[in-house]
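What follows is a set of notes on a single structure, which appears directly below.
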Protein chains: 2
Amino acid sequence: MARVPTSKDVARIAGVSQSTVSYVMSGKRPISEKTRRLVEDAIAQLTYQPNAGARALAGRRTNVVAAVVPFRTPLSAHGLMAFVEEIALAARARDHDLLIVTADEGPGALQRVSGRALCDAVVVMEVRTDDERAEVARSLGRPTLFIGVPRDAEGLHCIDFDFEGAARLLVAELAAAGNREVAVLGWAPELEELGINYVPRFRAAAEAAAAEHGVALRWCAVPSGHGAVEECVAQVLGAPGAPPGLLASTGAQAVLSALLRRDLVPGRDVDLVALCTDAEAEALPVPLTAVSPQPRDVSRQAMEWLFALLEDPEGPGELRLVPAELTRRRSVRAAG
Amino acid sequence: MARVPTSKDVARIAGVSQSTVSYVMSGKRPISEKTRRLVEDAIAQLTYQPNAGARALAGRRTNVVAAVVPFRTPLSAHGLMAFVEEIALAARARDHDLLIVTADEGPGALQRVSGRALCDAVVVMEVRTDDERAEVARSLGRPTLFIGVPRDAEGLHCIDFDFEGAARLLVAELAAAGNREVAVLGWAPELEELGINYVPRFRAAAEAAAAEHGVALRWCAVPSGHGAVEECVAQVLGAPGAPPGLLASTGAQAVLSALLRRDLVPGRDVDLVALCTDAEAEALPVPLTAVSPQPRDVSRQAMEWLFALLEDPEGPGELRLVPAELTRRRSVRAAG
DNA sequence: GACCGTCGTCGATACGCATCGACGGAGGAG
DNA sequence: CTCCTCCGTCGATGCGTATCGACGACGGTC
């Protein structure tokens, strides 16, 4: 079995020194056209590929980004995958690879991948309000980007979707349609207890917006489990009088199904707005007026920022929000 | 900012040589209790962690497994995540990390992660019948495990769920319940065209089993898209006479919803069996008699095999199938 | 009491690449 | 024609670890 070719082999074949090969590959010193061609031919001939370990050792750069992924997330699997895929693509676009560690490993995972120099930078997903990883990240010595916002974000680089803006837009839309009451079919109570930090942020903003529009707000945490949505919807619509406007912060599809099953068509008999991706909103039997949490945009911006930090690690800690936008479809009656 | 501690620093503090530190960590030579303690204390004091690059360079082992993940899969995102999570867990259980590359990168990704020595072994998911990666894998020089089976699997290590066995079990169950006709609501036609290899395998086995039981089989590829399932169900049930037994090879939930919407309760009015995970089968309003494709079992066994190959790379190419098992729930009427 | 084997440790080296300083040659300025 | 500059290349070194051979000390055997 042939040994794997090294840059020294390339150098020998091209008739140059090993360092020249290195400079051809990195472009960090001028190289004559002739020499470049010789080296490139030799590289092609040997199908030479630089050894990542040696590169990391000598160059102090691994060209690897690590991502802490919460597989056991209560979120939609699709949402998670969109994040991860986008992160992987962004990394590859800059000639980096992606190392995945599970969130269950806890803060130790950060110390491991960073301490062992397995990566140059880290992305942390599903940040909780009290997240031990916040403290660890500060002393990590590597660019670290949080997707989500811990309570003490001092000095950290955090990015997140603007859940508060989303809450305001959605409540305002229902209020403008004439609803005097808004029922939020919200995330499972477990999620809130877990400390997933956007739940309280969304809720507080929704309540503030309701108060501002002079609308009553009812927050129904929908437990996970199959019949739960059905029950909540029944409960919410059970009261006498006009049905409230509905805001599905998760599981839009299930809410819509529950309504249709009672022959209530959003946009005709009730108003329904949702926090869900555009793809989901459009695929449903009744296209929903919705705000999309933009997982792909969030990831893309996160990675852009992360690579900027790799070039200038002195970037100050900061919170960036990806703005919420409402797309009107057919699940809300005309205002007025 | 303090320099990252190295094994040399540990050695100095412990008052031993660097090689002794190395032997303490690897356990490859006997070490006296006293020395071991000195070294371990020094390691703890410095929170020393070995540099992965240097380790890979010197030891020719990265302790990283790469996985080629098909993000753009037509499969359920949940299914994919289960695979990836299980692979990550199995890797960590053996002190390895997981590098993710997207399937869009094609065969080049294999050559890259292997050629650059970014990993010790590779897992390839969503194998197609004509998969260029099969050829590449043969010359990779590293243990490579395929989850799925390419047409030319000669010399490759492939593992997959026994889709053929699953088809036989499911068809047999419907036949035993007295159905004279079976309609398979199958994977989207795109999937088949893509060459995802288990689709034809499942289909052929289903047809053979139907013939064997003297049952007519109707294969309906359900296009992806929202209303498609509804349409297919309508079409299948539209014929006069007793409704056929239904086999949902994907999207069990949608099929069940479509039936319920027509007031057909599986287990009472029709028979429905599915290929879906146990979790899904149990969470539905009518618990389904089903065969689970066992994503977690497949991943676990794949990783077990992969690590065996890491210790003995001479293991012969082979196809291993994870057996199918049918779990009876309440969606099929009593046989007879 | 001399000898041999084992245990525990050390020093040296290799791994493959990036980078720094140095150096020879070509070209322009005087 | 000479001196100087800049371009292109080379040799040497360091990155941090694993591993090999060697060596001293110790205990047991005859």
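Following the order of the structure tokens, first chain is A, next is B, and so on, with residues numbered from 1 inside each chain and ligands from 1 in the order they appear.
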- [ ] Give the residues of chain A that lie within 9 Å of chain C; count only C-alpha atoms (C1' of nucleotides), and format the answer as a ChimeraX atom specification.
- [x] /A:6-8,19,22-23,50-59
Would you output that residue set with N, CA and C atoms, as a PDB file, in the first residue's frame?
```pdb
ATOM      1  N   THR A   6       3.247  13.395   0.621  1.00  0.00           N
ATOM      2  CA  THR A   6       3.415  14.588   1.450  1.00  0.00           C
ATOM      3  C   THR A   6       3.914  15.736   0.583  1.00  0.00           C
ATOM      4  N   SER A   7       3.988  16.880   1.178  1.00  0.00           N
ATOM      5  CA  SER A   7       4.444  18.033   0.400  1.00  0.00           C
ATOM      6  C   SER A   7       5.907  17.844  -0.013  1.00  0.00           C
ATOM      7  N   LYS A   8       6.607  17.041   0.721  1.00  0.00           N
ATOM      8  CA  LYS A   8       7.990  16.771   0.346  1.00  0.00           C
ATOM      9  C   LYS A   8       8.045  15.984  -0.963  1.00  0.00           C
ATOM     10  N   SER A  19       9.295  24.117   1.052  1.00  0.00           N
ATOM     11  CA  SER A  19       8.694  25.400   1.446  1.00  0.00           C
ATOM     12  C   SER A  19       8.030  26.069   0.248  1.00  0.00           C
ATOM     13  N   SER A  22       4.664  24.793  -0.137  1.00  0.00           N
ATOM     14  CA  SER A  22       3.784  25.407   0.846  1.00  0.00           C
ATOM     15  C   SER A  22       3.343  26.799   0.401  1.00  0.00           C
ATOM     16  N   TYR A  23       4.286  27.559  -0.135  1.00  0.00           N
ATOM     17  CA  TYR A  23       3.938  28.914  -0.567  1.00  0.00           C
ATOM     18  C   TYR A  23       3.028  28.913  -1.785  1.00  0.00           C
ATOM     19  N   PRO A  50      -2.977  18.117   1.646  1.00  0.00           N
ATOM     20  CA  PRO A  50      -2.212  18.444   2.849  1.00  0.00           C
ATOM     21  C   PRO A  50      -2.784  17.749   4.075  1.00  0.00           C
ATOM     22  N   ASN A  51      -1.935  17.306   4.926  1.00  0.00           N
ATOM     23  CA  ASN A  51      -2.354  16.645   6.161  1.00  0.00           C
ATOM     24  C   ASN A  51      -2.889  17.673   7.157  1.00  0.00           C
ATOM     25  N   ALA A  52      -4.153  17.446   7.546  1.00  0.00           N
ATOM     26  CA  ALA A  52      -4.827  18.428   8.391  1.00  0.00           C
ATOM     27  C   ALA A  52      -4.153  18.562   9.758  1.00  0.00           C
ATOM     28  N   GLY A  53      -3.705  17.454  10.296  1.00  0.00           N
ATOM     29  CA  GLY A  53      -3.074  17.502  11.613  1.00  0.00           C
ATOM     30  C   GLY A  53      -1.798  18.325  11.577  1.00  0.00           C
ATOM     31  N   ALA A  54      -0.980  18.046  10.601  1.00  0.00           N
ATOM     32  CA  ALA A  54       0.280  18.776  10.485  1.00  0.00           C
ATOM     33  C   ALA A  54       0.011  20.258  10.263  1.00  0.00           C
ATOM     34  N   ARG A  55      -0.980  20.528   9.460  1.00  0.00           N
ATOM     35  CA  ARG A  55      -1.337  21.898   9.182  1.00  0.00           C
ATOM     36  C   ARG A  55      -1.762  22.604  10.469  1.00  0.00           C
ATOM     37  N   ALA A  56      -2.599  21.949  11.213  1.00  0.00           N
ATOM     38  CA  ALA A  56      -3.088  22.547  12.453  1.00  0.00           C
ATOM     39  C   ALA A  56      -1.922  22.787  13.397  1.00  0.00           C
ATOM     40  N   LEU A  57      -1.032  21.813  13.434  1.00  0.00           N
ATOM     41  CA  LEU A  57       0.089  21.921  14.356  1.00  0.00           C
ATOM     42  C   LEU A  57       1.004  23.080  13.983  1.00  0.00           C
ATOM     43  N   ALA A  58       1.328  23.157  12.734  1.00  0.00           N
ATOM     44  CA  ALA A  58       2.262  24.199  12.302  1.00  0.00           C
ATOM     45  C   ALA A  58       1.589  25.561  12.184  1.00  0.00           C
ATOM     46  N   GLY A  59       0.380  25.554  11.692  1.00  0.00           N
ATOM     47  CA  GLY A  59      -0.250  26.824  11.377  1.00  0.00           C
ATOM     48  C   GLY A  59      -1.189  27.341  12.442  1.00  0.00           C
TER      49      GLY A  59
END
```
- [ ] Residues of chain D near chain A: apply a cut-off of 9 Å, count only C-alpha atoms (C1' of nucleotides), and supply the list as a VMD selection string.
- [x] chain D and resid 7 to 11 14 to 16
Save out the residues we just selected, C-alpha atoms (C1' of nucleotides), as an mmCIF file, in the first residue's frame.
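See out34.cif below for the written result:
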```cif
data_model
loop_
_atom_site.group_PDB
_atom_site.id
_atom_site.type_symbol
_atom_site.label_atom_id
_atom_site.label_comp_id
_atom_site.auth_asym_id
_atom_site.auth_seq_id
_atom_site.Cartn_x
_atom_site.Cartn_y
_atom_site.Cartn_z
ATOM 1 C "C1'" DC D 7 11.463 39.241 -6.672
ATOM 2 C "C1'" DG D 8 11.555 34.295 -6.173
ATOM 3 C "C1'" DT D 9 13.453 30.435 -3.942
ATOM 4 C "C1'" DC D 10 15.806 27.692 -0.435
ATOM 5 C "C1'" DG D 11 17.238 25.770 4.132
ATOM 6 C "C1'" DG D 14 9.307 24.871 15.473
ATOM 7 C "C1'" DC D 15 4.619 23.169 16.331
ATOM 8 C "C1'" DG D 16 3.171 19.046 20.407
#
```
TODO: Would you list, as number ranges by chain, the residues of range 74-231 of chain B that end up in alpha helix (DSSP H) under DSSP run on this structure's backbone?
DONE: B: 77-93, 107-115, 132-138, 163-176, 189-194, 198-213, 228-231
Interface rows for chain B against chain A: nearest pair, Å to one decimal, 8 Å, only C-alpha atoms, as a Markdown table:
```
| residue | atom | partner | partner_atom | distance |
| --- | --- | --- | --- | --- |
| B:Val4 | CA | A:Gly115 | CA | 7.9 |
| B:Tyr48 | CA | A:Gly115 | CA | 7.9 |
| B:Gln49 | CA | A:Arg116 | CA | 5.5 |
| B:Pro50 | CA | A:Arg116 | CA | 5.5 |
| B:Asn51 | CA | A:Arg116 | CA | 4.6 |
| B:Ala52 | CA | A:Arg116 | CA | 5.3 |
| B:Gly53 | CA | A:Gly53 | CA | 4.1 |
| B:Ala54 | CA | A:Leu57 | CA | 5.8 |
| B:Arg55 | CA | A:Gly53 | CA | 7.8 |
| B:Ala56 | CA | A:Gly53 | CA | 5.6 |
| B:Leu57 | CA | A:Gly53 | CA | 5.4 |
| B:Thr62 | CA | A:Gly53 | CA | 8.0 |
| B:Phe71 | CA | A:Glu85 | CA | 6.3 |
| B:Ala77 | CA | A:His78 | CA | 5.4 |
| B:His78 | CA | A:Ala77 | CA | 5.4 |
| B:Met81 | CA | A:Ala77 | CA | 7.1 |
| B:Glu85 | CA | A:Phe71 | CA | 6.3 |
| B:Ala88 | CA | A:Val101 | CA | 7.1 |
| B:Leu89 | CA | A:Thr102 | CA | 7.8 |
| B:Asp97 | CA | A:Val101 | CA | 7.3 |
| B:Leu98 | CA | A:Ile100 | CA | 5.5 |
| B:Leu99 | CA | A:Leu99 | CA | 4.4 |
| B:Ile100 | CA | A:Leu98 | CA | 5.5 |
| B:Val101 | CA | A:Leu98 | CA | 7.0 |
| B:Thr102 | CA | A:Ala88 | CA | 7.2 |
| B:Arg112 | CA | A:Gln49 | CA | 7.6 |
| B:Gly115 | CA | A:Gln49 | CA | 5.8 |
| B:Arg116 | CA | A:Asn51 | CA | 4.6 |
| B:Ala117 | CA | A:Asn51 | CA | 5.7 |
| B:Leu118 | CA | A:Ala52 | CA | 5.9 |
| B:Gly225 | CA | A:Ala283 | CA | 7.4 |
| B:His226 | CA | A:Ala283 | CA | 6.1 |
| B:Gly227 | CA | A:Pro285 | CA | 7.9 |
| B:Ala283 | CA | A:His226 | CA | 6.2 |
| B:Leu284 | CA | A:His226 | CA | 6.9 |
| B:Pro285 | CA | A:His226 | CA | 7.4 |
```
Can you write out the residues you just picked, keeping N, CA and C atoms, as a compact mmCIF listing (two decimals), in the first residue's frame?
```txt
# COMPACT_ATOMS: atom_id res chain seq x y z
N VAL B 4 -1.35 27.93 25.84
CA VAL B 4 -2.02 26.68 26.16
C VAL B 4 -0.97 25.69 26.67
N TYR B 48 -4.57 20.52 31.61
CA TYR B 48 -3.93 20.17 30.34
C TYR B 48 -4.85 19.33 29.47
N GLN B 49 -4.85 19.60 28.18
CA GLN B 49 -5.54 18.75 27.22
C GLN B 49 -4.63 18.54 26.03
N PRO B 50 -4.49 17.31 25.60
CA PRO B 50 -3.56 17.04 24.50
C PRO B 50 -4.02 17.71 23.21
N ASN B 51 -3.08 18.19 22.47
CA ASN B 51 -3.39 18.83 21.20
C ASN B 51 -3.72 17.79 20.13
N ALA B 52 -4.93 17.94 19.59
CA ALA B 52 -5.42 16.92 18.66
C ALA B 52 -4.57 16.85 17.40
N GLY B 53 -4.13 17.99 16.92
CA GLY B 53 -3.34 18.00 15.70
C GLY B 53 -2.03 17.26 15.88
N ALA B 54 -1.37 17.57 16.95
CA ALA B 54 -0.09 16.92 17.23
C ALA B 54 -0.28 15.42 17.40
N ARG B 55 -1.35 15.09 18.08
CA ARG B 55 -1.66 13.70 18.31
C ARG B 55 -1.86 12.97 16.98
N ALA B 56 -2.64 13.59 16.13
CA ALA B 56 -2.93 12.97 14.84
C ALA B 56 -1.64 12.81 14.05
N LEU B 57 -0.80 13.82 14.14
CA LEU B 57 0.43 13.80 13.37
C LEU B 57 1.37 12.70 13.85
N THR B 62 -6.77 10.25 14.31
CA THR B 62 -7.40 11.54 14.61
C THR B 62 -8.45 11.44 15.70
N PHE B 71 -28.63 16.21 3.97
CA PHE B 71 -29.59 17.15 4.56
C PHE B 71 -30.82 17.31 3.69
N ALA B 77 -37.17 14.36 8.63
CA ALA B 77 -36.07 14.99 9.33
C ALA B 77 -35.81 14.29 10.65
N HIS B 78 -36.88 13.82 11.26
CA HIS B 78 -36.70 13.12 12.53
C HIS B 78 -35.85 11.89 12.35
N MET B 81 -32.23 12.83 11.99
CA MET B 81 -31.63 13.25 13.25
C MET B 81 -31.33 12.09 14.16
N GLU B 85 -27.69 11.57 15.57
CA GLU B 85 -27.46 11.60 17.02
C GLU B 85 -26.84 10.30 17.49
N ALA B 88 -23.28 10.13 16.62
CA ALA B 88 -22.47 11.01 17.47
C ALA B 88 -22.27 10.37 18.84
N LEU B 89 -23.32 9.80 19.39
CA LEU B 89 -23.21 9.19 20.71
C LEU B 89 -22.25 8.00 20.68
N ASP B 97 -14.74 11.97 17.95
CA ASP B 97 -15.65 13.05 17.63
C ASP B 97 -16.23 12.84 16.25
N LEU B 98 -17.22 13.66 15.93
CA LEU B 98 -17.95 13.47 14.69
C LEU B 98 -17.82 14.68 13.77
N LEU B 99 -17.33 14.41 12.59
CA LEU B 99 -17.23 15.45 11.57
C LEU B 99 -18.35 15.24 10.57
N ILE B 100 -19.06 16.33 10.26
CA ILE B 100 -20.20 16.22 9.35
C ILE B 100 -19.87 16.82 8.00
N VAL B 101 -20.13 16.09 6.96
CA VAL B 101 -20.05 16.70 5.64
C VAL B 101 -21.37 16.46 4.93
N THR B 102 -21.75 17.41 4.11
CA THR B 102 -23.04 17.27 3.43
C THR B 102 -22.90 16.38 2.22
N ARG B 112 -11.66 14.12 0.27
CA ARG B 112 -11.10 15.23 1.03
C ARG B 112 -10.89 14.84 2.50
N GLY B 115 -8.29 12.03 2.57
CA GLY B 115 -6.97 12.41 2.08
C GLY B 115 -6.27 13.39 3.00
N ARG B 116 -7.02 14.28 3.58
CA ARG B 116 -6.39 15.25 4.47
C ARG B 116 -6.19 14.70 5.87
N ALA B 117 -6.59 13.47 6.04
CA ALA B 117 -6.47 12.85 7.36
C ALA B 117 -7.25 13.64 8.39
N LEU B 118 -8.47 13.98 8.01
CA LEU B 118 -9.34 14.66 8.96
C LEU B 118 -10.06 13.66 9.83
N GLY B 225 -45.90 16.80 -1.19
CA GLY B 225 -46.82 17.92 -1.39
C GLY B 225 -48.04 17.64 -0.56
N HIS B 226 -48.76 18.69 -0.24
CA HIS B 226 -49.69 18.52 0.85
C HIS B 226 -50.91 17.68 0.56
N GLY B 227 -51.58 17.95 -0.53
CA GLY B 227 -52.82 17.24 -0.75
C GLY B 227 -52.66 15.84 -1.32
N ALA B 283 -47.94 7.31 19.00
CA ALA B 283 -48.43 8.65 19.32
C ALA B 283 -49.71 8.99 18.54
N LEU B 284 -49.99 8.22 17.50
CA LEU B 284 -51.14 8.57 16.66
C LEU B 284 -52.46 8.26 17.36
N PRO B 285 -53.52 8.93 16.92
CA PRO B 285 -54.84 8.73 17.53
C PRO B 285 -55.24 7.25 17.51
```
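Excluding Phe161 in chain A itself and same-chain residues fewer than 4 positions from it, the residues having an atom within 8 Å of it are Gly148, Pro293, Gln294, Val298, Leu321, Val322, Pro323 and Ala324 of chain A, counting only C-alpha atoms (C1' of nucleotides).
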Kindly save the residues from that selection, with C-alpha atoms included, as a CSV table (one decimal), in the first residue's frame.
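Writing the result to out16.csv gives the following:
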```csv
chain,number,residue,atom,x,y,z
A,148,GLY,CA,-29.9,32.4,21.6
A,293,PRO,CA,-38.3,32.4,12.6
A,294,GLN,CA,-35.8,32.3,9.7
A,298,VAL,CA,-30.0,33.2,11.5
A,321,LEU,CA,-31.3,40.2,16.3
A,322,VAL,CA,-32.6,38.9,13.0
A,323,PRO,CA,-35.7,41.1,12.3
A,324,ALA,CA,-39.2,39.6,12.2
```
